[in-house]
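S.K.: The following file, work-v1.txt, comprises compact mmCIF, C-alpha atoms:
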```
# COMPACT_ATOMS: atom_id res chain seq x y z
CA MET A 1 80.63 143.55 75.47
CA PHE A 2 82.68 145.58 73.02
CA GLN A 3 85.88 144.01 74.35
CA LEU A 4 84.49 140.61 73.28
CA LEU A 5 83.93 141.95 69.78
CA ARG A 6 87.46 143.36 69.45
CA ASP A 7 88.73 139.98 68.26
CA GLY A 8 86.93 140.64 64.97
CA ARG A 9 84.69 137.53 65.09
CA PRO A 10 81.12 138.19 63.96
CA ARG A 11 78.55 137.41 66.68
CA THR A 12 74.79 137.51 66.96
CA ARG A 13 72.82 139.22 69.71
CA ALA A 14 72.11 135.74 71.10
CA ASP A 15 75.85 134.95 71.14
CA LEU A 16 76.55 138.13 73.08
CA ALA A 17 73.75 137.44 75.56
CA ALA A 18 75.11 133.93 76.19
CA LEU A 19 78.68 135.19 76.64
CA THR A 20 77.86 138.13 78.93
CA GLY A 21 74.81 136.83 80.78
CA GLN A 22 73.01 140.11 80.11
CA ALA A 23 69.36 140.38 79.15
CA ARG A 24 68.39 140.43 75.48
CA SER A 25 67.00 143.97 75.88
CA THR A 26 70.31 145.20 77.35
CA ILE A 27 72.27 143.55 74.55
CA ALA A 28 70.01 145.11 71.92
CA ALA A 29 70.45 148.59 73.39
CA ARG A 30 74.23 148.25 73.61
CA VAL A 31 74.53 146.88 70.08
CA ASP A 32 72.46 149.80 68.76
CA ALA A 33 74.70 152.29 70.60
CA LEU A 34 77.85 150.64 69.24
CA LEU A 35 76.41 150.58 65.71
CA ALA A 36 75.63 154.29 66.00
CA SER A 37 79.21 154.99 67.12
CA GLY A 38 80.64 153.17 64.11
CA LEU A 39 82.88 151.00 66.32
CA VAL A 40 80.72 147.99 65.46
CA ALA A 41 79.24 147.25 62.03
CA PRO A 42 76.88 144.65 60.54
CA ALA A 43 78.77 141.53 59.41
CA GLY A 44 76.13 139.63 57.46
CA GLU A 45 73.87 136.84 58.62
CA ALA A 46 74.61 133.72 60.61
CA SER A 47 73.56 130.27 59.45
CA SER A 48 69.90 129.68 60.08
CA THR A 49 68.66 126.80 62.22
CA GLY A 50 65.12 127.48 61.03
CA GLY A 51 63.40 130.76 60.30
CA ARG A 52 65.05 134.04 59.42
CA PRO A 53 68.88 133.99 59.75
CA PRO A 54 70.04 136.18 62.67
CA ALA A 55 72.16 139.27 61.94
CA THR A 56 75.79 139.29 63.10
CA PHE A 57 77.97 142.18 64.24
CA ALA A 58 81.72 142.71 64.44
CA PHE A 59 84.33 145.27 65.41
CA ASN A 60 84.84 147.91 62.71
CA PRO A 61 88.54 148.91 62.94
CA ALA A 62 88.12 151.46 60.14
CA ALA A 63 85.78 153.58 62.28
CA ARG A 64 88.64 155.79 63.46
CA VAL A 65 92.39 156.04 62.92
CA VAL A 66 95.44 156.61 65.10
CA LEU A 67 98.78 158.27 64.33
CA ALA A 68 101.84 156.19 65.26
CA VAL A 69 105.25 157.86 65.62
CA ASP A 70 108.60 156.12 66.15
CA LEU A 71 111.47 158.55 66.81
CA GLY A 72 115.04 157.30 67.07
CA ALA A 73 118.41 159.00 67.36
CA THR A 74 118.58 159.41 63.58
CA HIS A 75 115.21 158.34 62.19
CA CYS A 76 111.54 159.26 62.18
CA ARG A 77 109.00 156.66 61.05
CA MET A 78 105.31 157.50 61.12
CA ALA A 79 102.09 155.81 60.08
CA VAL A 80 98.36 156.34 60.07
CA THR A 81 96.67 153.07 60.99
CA GLU A 82 93.20 151.72 61.59
CA LEU A 83 92.26 150.73 65.14
CA ALA A 84 93.42 147.14 64.56
CA GLY A 85 96.85 148.26 63.29
CA ARG A 86 96.38 148.07 59.50
CA VAL A 87 98.70 150.68 57.98
CA LEU A 88 96.96 153.15 55.66
CA ALA A 89 99.86 155.52 55.00
CA GLU A 90 103.44 155.73 56.27
CA HIS A 91 106.63 157.76 55.94
CA HIS A 92 110.26 157.38 56.95
CA GLU A 93 113.06 159.96 56.97
CA ARG A 94 116.35 160.71 58.67
CA ILE A 95 116.41 163.22 61.52
CA ALA A 96 118.76 164.36 64.27
CA ILE A 97 116.96 163.97 67.59
CA GLY A 98 119.39 166.50 69.06
CA ASP A 99 117.65 169.25 67.07
CA GLY A 100 115.29 169.43 70.03
CA PRO A 101 111.57 168.99 70.69
CA GLY A 102 110.49 172.21 68.97
CA ALA A 103 111.92 171.37 65.56
CA ILE A 104 111.29 167.62 65.70
CA LEU A 105 107.69 167.79 66.91
CA ALA A 106 106.88 170.54 64.41
CA ARG A 107 108.00 168.13 61.69
CA VAL A 108 105.92 165.34 63.28
CA MET A 109 102.83 167.57 63.13
CA GLU A 110 103.52 168.51 59.52
CA LEU A 111 104.03 164.89 58.47
CA GLY A 112 101.01 163.73 60.48
CA ASP A 113 98.71 166.08 58.59
CA LEU A 114 100.19 164.95 55.27
CA LEU A 115 99.72 161.27 56.18
CA LEU A 116 96.08 161.84 57.15
CA ASP A 117 95.53 163.40 53.73
CA GLU A 118 97.32 160.50 52.04
CA ALA A 119 95.14 158.01 53.94
CA GLU A 120 92.06 160.03 52.89
CA ARG A 121 91.03 160.53 56.50
CA SER A 122 90.12 163.83 58.15
CA PRO A 123 91.53 165.14 61.43
CA ASP A 124 88.08 164.41 62.92
CA ASP A 125 88.75 160.69 62.29
CA LEU A 126 91.91 160.80 64.42
CA ALA A 127 91.29 159.11 67.79
CA SER A 128 94.72 159.31 69.43
CA VAL A 129 98.48 159.57 68.91
CA GLY A 130 101.15 157.14 70.12
CA ILE A 131 104.82 158.16 70.08
CA GLY A 132 108.06 156.43 71.05
CA LEU A 133 111.21 158.33 72.09
CA PRO A 134 114.81 157.05 72.30
CA GLY A 135 115.27 157.58 76.02
CA PRO A 136 113.66 157.08 79.45
CA VAL A 137 110.06 158.32 79.61
CA ASP A 138 107.67 159.02 82.47
CA HIS A 139 104.79 157.17 80.79
CA ALA A 140 102.07 158.66 83.03
CA ALA A 141 103.16 162.23 82.28
CA GLY A 142 104.44 161.54 78.77
CA ARG A 143 107.68 163.42 79.41
CA PRO A 144 111.28 162.28 78.73
CA ILE A 145 113.48 162.00 81.83
CA ASN A 146 117.17 162.92 81.51
CA PRO A 147 117.51 161.26 78.08
CA PRO A 148 121.24 160.83 77.38
CA ILE A 149 121.12 161.26 73.59
CA MET A 150 118.32 163.87 73.44
CA PRO A 151 119.72 167.29 74.38
CA GLY A 152 116.97 169.77 75.14
CA TRP A 153 114.28 167.12 75.58
CA ASP A 154 114.42 166.67 79.38
CA ASP A 155 110.89 167.13 80.80
CA ALA A 156 109.56 168.36 77.44
CA ASP A 157 105.75 168.39 77.37
CA VAL A 158 105.41 166.14 74.35
CA PRO A 159 101.70 165.30 74.90
CA GLY A 160 100.86 168.97 75.42
CA MET A 161 102.53 170.06 72.18
CA LEU A 162 100.91 167.37 70.05
CA SER A 163 97.44 167.45 71.64
CA ALA A 164 97.32 171.22 71.14
CA HIS A 165 97.62 170.55 67.41
CA TRP A 166 95.28 167.55 67.03
CA HIS A 167 93.07 167.81 70.15
CA VAL A 168 93.25 164.08 70.90
CA PRO A 169 94.90 162.02 73.65
CA VAL A 170 98.67 161.50 73.20
CA LEU A 171 100.59 158.60 74.76
CA VAL A 172 104.41 158.60 74.97
CA ASP A 173 106.76 155.72 75.76
CA ASN A 174 110.35 154.57 75.33
CA ASP A 175 111.12 153.47 71.76
CA VAL A 176 112.07 149.91 72.73
CA ASN A 177 108.87 149.48 74.74
CA ILE A 178 106.77 150.30 71.70
CA MET A 179 108.89 147.93 69.57
CA ALA A 180 108.13 145.19 72.10
CA LEU A 181 104.43 146.05 71.90
CA GLY A 182 104.58 145.99 68.10
CA GLU A 183 106.14 142.53 67.96
CA HIS A 184 103.87 141.21 70.69
CA SER A 185 100.59 142.54 69.28
CA THR A 186 101.16 141.52 65.67
CA VAL A 187 103.43 138.44 65.72
CA LEU A 188 103.39 136.89 69.20
CA PRO A 189 100.05 137.77 70.85
CA GLY A 190 99.90 134.39 72.62
CA VAL A 191 103.31 134.84 74.32
CA ARG A 192 102.97 136.18 77.85
CA ASP A 193 106.66 136.66 78.73
CA LEU A 194 108.88 138.30 76.13
CA LEU A 195 112.03 140.41 75.87
CA PHE A 196 112.53 142.61 72.82
CA VAL A 197 116.19 143.60 72.44
CA LYS A 198 117.08 146.51 70.15
CA VAL A 199 120.68 146.64 68.94
CA ALA A 200 121.40 149.89 67.11
CA THR A 201 123.13 153.14 68.13
CA GLY A 202 122.28 152.09 71.67
CA ILE A 203 121.11 148.81 73.18
CA GLY A 204 117.89 148.47 75.13
CA SER A 205 115.06 146.08 75.81
CA GLY A 206 111.31 146.13 76.17
CA ILE A 207 109.99 143.76 78.84
CA ILE A 208 106.58 142.10 78.56
CA MET A 209 105.69 139.97 81.56
CA ASP A 210 102.30 138.34 82.14
CA GLY A 211 101.17 139.92 78.86
CA ARG A 212 101.87 143.51 79.95
CA ILE A 213 104.72 145.94 79.32
CA ARG A 214 106.86 146.54 82.42
CA ARG A 215 108.33 150.04 82.64
CA GLY A 216 109.79 150.15 86.15
CA ALA A 217 109.49 152.82 88.83
CA GLN A 218 110.99 155.67 86.77
CA GLY A 219 110.44 154.24 83.28
CA ALA A 220 114.02 152.98 83.07
CA ALA A 221 113.36 149.22 83.06
CA GLY A 222 115.12 147.34 80.28
CA ASP A 223 118.14 149.62 79.89
CA LEU A 224 120.54 146.84 78.95
CA GLY A 225 122.99 149.19 77.29
CA HIS A 226 124.39 150.44 80.57
CA ILE A 227 124.90 147.10 82.29
CA ALA A 228 128.64 146.42 82.64
CA VAL A 229 130.28 143.74 80.50
CA PRO A 230 132.73 141.74 82.66
CA GLY A 231 136.35 142.67 81.97
CA SER A 232 135.63 145.67 79.72
CA GLN A 233 137.13 149.10 80.41
CA GLN A 234 135.66 150.84 77.35
CA GLN A 235 134.52 154.40 78.07
CA CYS A 236 130.78 154.89 77.63
CA ARG A 237 129.05 158.17 76.79
CA CYS A 238 127.19 157.89 80.13
CA GLY A 239 130.53 158.36 81.91
CA ASN A 240 130.92 154.81 83.18
CA LEU A 241 133.35 152.16 81.97
CA GLY A 242 132.52 148.86 80.32
CA CYS A 243 128.84 149.46 79.45
CA LEU A 244 127.38 146.98 76.97
CA GLU A 245 126.50 149.81 74.56
CA ALA A 246 130.12 150.98 74.49
CA VAL A 247 131.26 147.46 73.63
CA ALA A 248 128.53 146.06 71.36
CA GLY A 249 126.48 149.00 70.06
CA GLY A 250 126.57 149.89 66.37
CA PRO A 251 129.06 152.78 66.72
CA ALA A 252 131.36 150.60 68.86
CA ILE A 253 131.40 147.84 66.23
CA ALA A 254 132.00 150.40 63.47
CA ALA A 255 134.87 152.02 65.38
CA GLY A 256 136.51 148.64 66.02
CA LEU A 257 136.37 147.74 62.32
CA ALA A 258 137.67 151.19 61.34
CA ARG A 259 140.73 150.62 63.52
CA ARG A 260 141.41 147.54 61.39
CA GLY A 261 141.29 149.63 58.24
CA LEU A 262 137.72 149.05 57.09
CA ALA A 263 135.57 151.96 55.87
CA THR A 264 133.00 151.90 58.68
CA THR A 265 131.66 154.99 60.41
CA THR A 266 128.02 154.03 61.06
CA SER A 267 125.90 151.03 62.01
CA ALA A 268 124.65 150.91 58.42
CA ASP A 269 128.24 150.50 57.18
CA VAL A 270 128.70 147.50 59.49
CA VAL A 271 125.48 145.89 58.28
CA ALA A 272 126.38 146.45 54.62
CA LEU A 273 129.79 144.80 55.05
CA ALA A 274 128.41 141.86 57.03
CA ARG A 275 125.67 141.22 54.50
CA ALA A 276 128.22 141.39 51.69
CA GLY A 277 130.11 138.53 53.34
CA ASP A 278 133.04 140.45 54.80
CA ILE A 279 134.68 138.04 57.26
CA GLU A 280 135.97 140.65 59.71
CA ALA A 281 132.59 142.42 59.86
CA GLY A 282 130.79 139.12 60.40
CA GLN A 283 133.18 138.15 63.19
CA ALA A 284 132.78 141.56 64.84
CA VAL A 285 128.99 141.30 64.78
CA ARG A 286 129.12 137.79 66.25
CA GLU A 287 131.47 138.97 69.01
CA ALA A 288 129.04 141.80 69.78
CA GLY A 289 126.34 139.14 70.03
CA ARG A 290 128.44 137.24 72.58
CA HIS A 291 128.77 140.37 74.74
CA ILE A 292 125.02 140.95 74.52
CA GLY A 293 124.52 137.29 75.44
CA GLU A 294 126.59 137.78 78.60
CA VAL A 295 124.11 140.41 79.80
CA LEU A 296 121.03 138.56 78.54
CA ALA A 297 122.03 135.36 80.35
CA GLY A 298 121.43 137.16 83.64
CA CYS A 299 118.12 138.53 82.35
CA VAL A 300 116.99 135.03 81.39
CA SER A 301 117.76 133.72 84.88
CA LEU A 302 115.96 136.68 86.47
CA LEU A 303 112.87 136.97 84.22
CA ASN A 304 112.54 133.54 82.55
CA PRO A 305 111.02 134.79 79.25
CA ASP A 306 109.44 132.50 76.66
CA VAL A 307 110.98 134.39 73.76
CA ILE A 308 113.81 136.89 73.19
CA VAL A 309 113.22 138.91 70.02
CA VAL A 310 116.24 140.75 68.59
CA GLY A 311 115.68 143.83 66.41
CA GLY A 312 117.33 147.13 65.49
CA ILE A 313 119.62 147.88 62.57
CA ILE A 314 122.48 145.59 63.68
CA ALA A 315 120.06 142.65 63.66
CA ASP A 316 119.79 143.24 59.90
CA ALA A 317 123.39 142.01 59.58
CA GLY A 318 122.07 138.45 59.48
CA GLU A 319 122.48 135.37 61.66
CA GLN A 320 125.87 136.30 63.13
CA LEU A 321 124.39 138.49 65.86
CA LEU A 322 121.81 135.87 66.86
CA ALA A 323 124.44 133.13 66.77
CA GLY A 324 126.64 135.03 69.23
CA ILE A 325 123.73 135.73 71.58
CA ARG A 326 122.49 132.12 71.51
CA GLU A 327 126.00 130.75 72.08
CA ILE A 328 126.38 132.53 75.41
CA VAL A 329 122.77 132.53 76.67
CA TYR A 330 122.33 128.77 76.22
CA ARG A 331 125.74 128.10 77.78
CA ARG A 332 125.42 130.43 80.79
CA SER A 333 121.73 130.26 81.77
CA LEU A 334 120.24 127.43 83.79
CA PRO A 335 118.77 124.56 81.73
CA LEU A 336 115.32 125.04 83.26
CA ALA A 337 115.22 128.68 82.12
CA THR A 338 116.32 127.82 78.58
CA GLN A 339 114.39 124.57 78.18
CA HIS A 340 111.80 126.17 75.89
CA LEU A 341 113.44 129.56 75.30
CA ARG A 342 113.45 130.84 71.70
CA ILE A 343 115.87 133.57 70.57
CA VAL A 344 114.61 134.92 67.25
CA ALA A 345 114.96 137.86 64.89
CA SER A 346 112.21 140.47 64.78
CA ARG A 347 109.62 139.76 62.11
CA THR A 348 108.15 143.28 62.20
CA LYS A 349 111.65 144.71 61.56
CA GLU A 350 111.65 148.49 60.96
CA ARG A 351 107.88 148.64 61.46
CA ALA A 352 108.02 147.35 65.05
CA GLY A 353 107.95 150.85 66.56
CA VAL A 354 105.02 152.25 64.59
CA LEU A 355 102.99 149.06 65.05
CA GLY A 356 103.60 149.24 68.79
CA ALA A 357 102.77 152.96 68.95
CA SER A 358 99.57 152.17 67.04
CA ALA A 359 98.63 149.38 69.46
CA MET A 360 99.33 151.61 72.46
CA ALA A 361 97.24 154.46 71.07
CA ALA A 362 94.37 152.20 69.99
CA ASP A 363 94.23 150.41 73.36
CA LEU A 364 93.70 153.78 75.04
CA VAL A 365 90.63 154.71 72.98
CA LEU A 366 89.19 151.18 72.88
CA SER A 367 89.34 150.51 76.62
CA ALA A 368 86.04 149.73 78.31
CA ALA A 369 85.99 153.08 80.10
CA ALA A 370 86.78 155.02 76.93
CA VAL A 371 84.10 153.23 74.88
CA ASP A 372 81.52 153.75 77.63
CA SER A 373 82.35 157.46 77.67
CA PHE A 374 82.29 157.66 73.87
CA ILE A 375 78.83 156.09 73.40
CA GLY A 376 77.35 157.72 76.50
```
What would the structure in this file look like if it were written as structure tokens?

M.R.:
Amino acid sequence: MFQLLRDGRPRTRADLAALTGQARSTIAARVDALLASGLVAPAGEASSTGGRPPATFAFNPAARVVLAVDLGATHCRMAVTELAGRVLAEHHERIAIGDGPGAILARVMELGDLLLDEAERSPDDLASVGIGLPGPVDHAAGRPINPPIMPGWDDADVPGMLSAHWHVPVLVDNDVNIMALGEHSTVLPGVRDLLFVKVATGIGSGIIMDGRIRRGAQGAAGDLGHIAVPGSQQQCRCGNLGCLEAVAGGPAIAAGLARRGLATTTSADVVALARAGDIEAGQAVREAGRHIGEVLAGCVSLLNPDVIVVGGIIADAGEQLLAGIREIVYRRSLPLATQHLRIVASRTKERAGVLGASAMAADLVLSAAAVDSFIG
């Protein structure tokens, strides 16, 4: 019954009885238990058809909060949100993920406590923590698996460290998976088949099929960055030649422009030049989009998504990246697969990760089993 109320629509006891087929006495007892838990709250009165107007009830997303954490190679973005994803307090700062789990997670705990204070919520209000990491993750165990850009993180007990501090469940996933969840839950909830492509220091994708995130057998699904680009012999940090990341990732674009005499050392430098109208930077970003399109064309034929959402810092360069991707995908993929395909920029932008981490954490504590356990 609570899952019906999660859409936020106020309903009467009679509405709930009609929808569930349960007896009025059962509905009354369950509503009372949910009201006592705080997860459901009175929502006024319905229109009367004669006699006293019936009371309505709705999901109360402010009953508890979750902590959402998005860690990248060089950034940490965190937020305290209500159970429906409304952000109450957030923070962003630069980090070096290579500093290791001890230093980084200690900072996460410090910032999490500060954000709870800023949101005027106590640690007792915290229901769960969701965190995204920039590497492969064993989602069931919550541990990173041989992450290539995270020295010292392999098999780190991330849930254990954080739950020891806050004493709540902790869920961990790959950063692009939570970005896909963020875009899906807040912007495209009606889309069942979606690819979220992050183009930044690395290149990866989050795959949502039939409305659910797909992680693969070892949590490595969606690793576009290490698919070979035809004809490329560029050395990749993974040791292979011609990987998409080594050709079209932010550092690769910056290095190519630097060889032409432009002052580019980071992805942010590339974006700044492209947005300022620099022709060479714009052309380089579009060419990177073409290379990404070469890999995505195969993904479109294999997975047949409704929408491809492109995010990450390089997507902030403007339409050049999307233009390059569209050019190749629509040319190379079969007409049936692209008949209704949309390739769009992320609308959640830099918040995609924390919104997805929030949705992941909230779904854990609002599942039917968890609510049943909570209200006894």

S.K.: Considering all atoms listed in the file, return as a ChimeraX atom specification whatever protein or nucleic-acid residues lie within 10 Å of A:Leu88, sequence-local ones (same chain, fewer than 5 positions apart) excluded.

M.R.: /A:65,79-82,115-116,118-121

S.K.: Give me the residues near A:Asp138 as an mmCIF file with C-alpha atoms, in the coordinates of the input, where near means some atom within 7 Å (using all atoms listed in the file) and where sequence neighbours in that chain fewer than 5 positions away do not count.

M.R.:
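Output saved as part18.cif:
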```cif
data_model
loop_
_atom_site.group_PDB
_atom_site.id
_atom_site.type_symbol
_atom_site.label_atom_id
_atom_site.label_comp_id
_atom_site.auth_asym_id
_atom_site.auth_seq_id
_atom_site.Cartn_x
_atom_site.Cartn_y
_atom_site.Cartn_z
ATOM 1 C CA ARG A 143 107.680 163.420 79.410
ATOM 2 C CA PRO A 144 111.280 162.280 78.730
ATOM 3 C CA ILE A 145 113.480 162.000 81.830
ATOM 4 C CA GLN A 218 110.990 155.670 86.770
ATOM 5 C CA GLY A 219 110.440 154.240 83.280
#
```

S.K.: Quick one: pull the distance between atom CA of A:Leu334 and atom CA of A:Glu245, Å, one decimal.

M.R.: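 Rounded to one decimal, the two atoms are 25.0 Å apart.
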
S.K.: Every residue with an atom at most 10 Å from (75.7, 139.1, 58.6) (file coordinates; all atoms listed in the file) is what I'm after, so could you write them as JSON, numbers by chain?

M.R.: {"A": [10, 11, 12, 41, 42, 43, 44, 45, 46, 47, 53, 54, 55, 56, 57, 58]}

S.K.: Go ahead and save the picked residues with C-alpha atoms, as a PDB file, keeping the file's coordinate frame.

M.R.:
```
ATOM      1  CA  PRO A  10      81.120 138.190  63.960  1.00  0.00           C
ATOM      2  CA  ARG A  11      78.550 137.410  66.680  1.00  0.00           C
ATOM      3  CA  THR A  12      74.790 137.510  66.960  1.00  0.00           C
ATOM      4  CA  ALA A  41      79.240 147.250  62.030  1.00  0.00           C
ATOM      5  CA  PRO A  42      76.880 144.650  60.540  1.00  0.00           C
ATOM      6  CA  ALA A  43      78.770 141.530  59.410  1.00  0.00           C
ATOM      7  CA  GLY A  44      76.130 139.630  57.460  1.00  0.00           C
ATOM      8  CA  GLU A  45      73.870 136.840  58.620  1.00  0.00           C
ATOM      9  CA  ALA A  46      74.610 133.720  60.610  1.00  0.00           C
ATOM     10  CA  SER A  47      73.560 130.270  59.450  1.00  0.00           C
ATOM     11  CA  PRO A  53      68.880 133.990  59.750  1.00  0.00           C
ATOM     12  CA  PRO A  54      70.040 136.180  62.670  1.00  0.00           C
ATOM     13  CA  ALA A  55      72.160 139.270  61.940  1.00  0.00           C
ATOM     14  CA  THR A  56      75.790 139.290  63.100  1.00  0.00           C
ATOM     15  CA  PHE A  57      77.970 142.180  64.240  1.00  0.00           C
ATOM     16  CA  ALA A  58      81.720 142.710  64.440  1.00  0.00           C
TER      17      ALA A  58
END
```

S.K.: Do a neighbour search on stretch 176-183 of chain A at 10 Å with all atoms listed in the file, toss out local chain neighbours closer than 2 positions, and write the hits as a count of residues only.

M.R.: 59

S.K.: Can you tell me which residues surround stretch 299-305 of chain A at a distance of at most 9 Å, considering all atoms listed in the file, apart from same-chain residues fewer than 6 positions away, and format the answer as an NGL selection string?

M.R.: :A and (192-195 or 208-209 or 329 or 333-334 or 336-338 or 341-342)

S.K.: Just the number, please: distance in Å from atom CA of A:Arg77 to atom CA of A:Met161, one decimal.

M.R.: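 A separation of 18.6 Å between them.
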
S.K.: I need the residue nearest A:Leu67 from this list: A:Val158, A:Val129, A:Ile97, A:Ala252. Use all atoms listed in the file for the distance.

M.R.: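 Result for the nearest residue to A:Leu67: A:Val129.
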
S.K.: Find the residues around stretch 363-365 of chain A up to 10 Å (all atoms listed in the file counted), leave out those fewer than 2 positions away in its own chain, and share them as a VMD selection string.

M.R.: chain A and resid 64 66 83 to 84 127 to 130 168 to 171 357 to 361 367 to 371 373 to 374

S.K.: Expressed in Å to a single decimal, how great is the separation between atom CA of A:Val40 and atom CA of A:Val191?

M.R.: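 Calculated distance between atom CA of A:Val40 and atom CA of A:Val191 is 27.6 Å.
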
S.K.: What would stretch 172-189 of chain A look like with N, CA and C atoms restored, written as a short mmCIF file (atom, residue, chain, number, x, y, z; two decimals), in the coordinates of the input?

M.R.:
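The resulting file, part.cif, is reproduced below:
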```
data_model
loop_
_atom_site.label_atom_id
_atom_site.label_comp_id
_atom_site.auth_asym_id
_atom_site.auth_seq_id
_atom_site.Cartn_x
_atom_site.Cartn_y
_atom_site.Cartn_z
N VAL A 172 102.98 158.59 75.27
CA VAL A 172 104.41 158.60 74.97
C VAL A 172 105.08 157.46 75.75
N ASP A 173 106.02 156.78 75.08
CA ASP A 173 106.76 155.72 75.76
C ASP A 173 108.16 155.64 75.18
N ASN A 174 109.01 154.86 75.83
CA ASN A 174 110.35 154.57 75.33
C ASN A 174 110.26 153.82 74.01
N ASP A 175 111.20 154.07 73.09
CA ASP A 175 111.12 153.47 71.76
C ASP A 175 111.19 151.94 71.79
N VAL A 176 111.97 151.37 72.71
CA VAL A 176 112.07 149.91 72.73
C VAL A 176 110.80 149.29 73.32
N ASN A 177 110.15 149.98 74.23
CA ASN A 177 108.87 149.48 74.74
C ASN A 177 107.85 149.37 73.62
N ILE A 178 107.78 150.38 72.76
CA ILE A 178 106.77 150.30 71.70
C ILE A 178 107.17 149.25 70.66
N MET A 179 108.47 149.02 70.47
CA MET A 179 108.89 147.93 69.57
C MET A 179 108.46 146.58 70.15
N ALA A 180 108.59 146.42 71.46
CA ALA A 180 108.13 145.19 72.10
C ALA A 180 106.63 145.02 71.92
N LEU A 181 105.88 146.11 72.09
CA LEU A 181 104.43 146.05 71.90
C LEU A 181 104.08 145.71 70.46
N GLY A 182 104.84 146.27 69.50
CA GLY A 182 104.58 145.99 68.10
C GLY A 182 104.77 144.53 67.76
N GLU A 183 105.87 143.95 68.22
CA GLU A 183 106.14 142.53 67.96
C GLU A 183 105.12 141.65 68.66
N HIS A 184 104.79 142.01 69.89
CA HIS A 184 103.87 141.21 70.69
C HIS A 184 102.46 141.24 70.10
N SER A 185 101.98 142.42 69.73
CA SER A 185 100.59 142.54 69.28
C SER A 185 100.35 141.96 67.91
N THR A 186 101.37 141.96 67.04
CA THR A 186 101.16 141.52 65.67
C THR A 186 101.71 140.14 65.35
N VAL A 187 102.77 139.71 66.04
CA VAL A 187 103.43 138.44 65.72
C VAL A 187 103.27 137.40 66.82
N LEU A 188 103.35 137.83 68.08
CA LEU A 188 103.39 136.89 69.20
C LEU A 188 102.34 137.20 70.27
N PRO A 189 101.07 137.38 69.86
CA PRO A 189 100.05 137.77 70.85
C PRO A 189 99.81 136.71 71.92
#
```
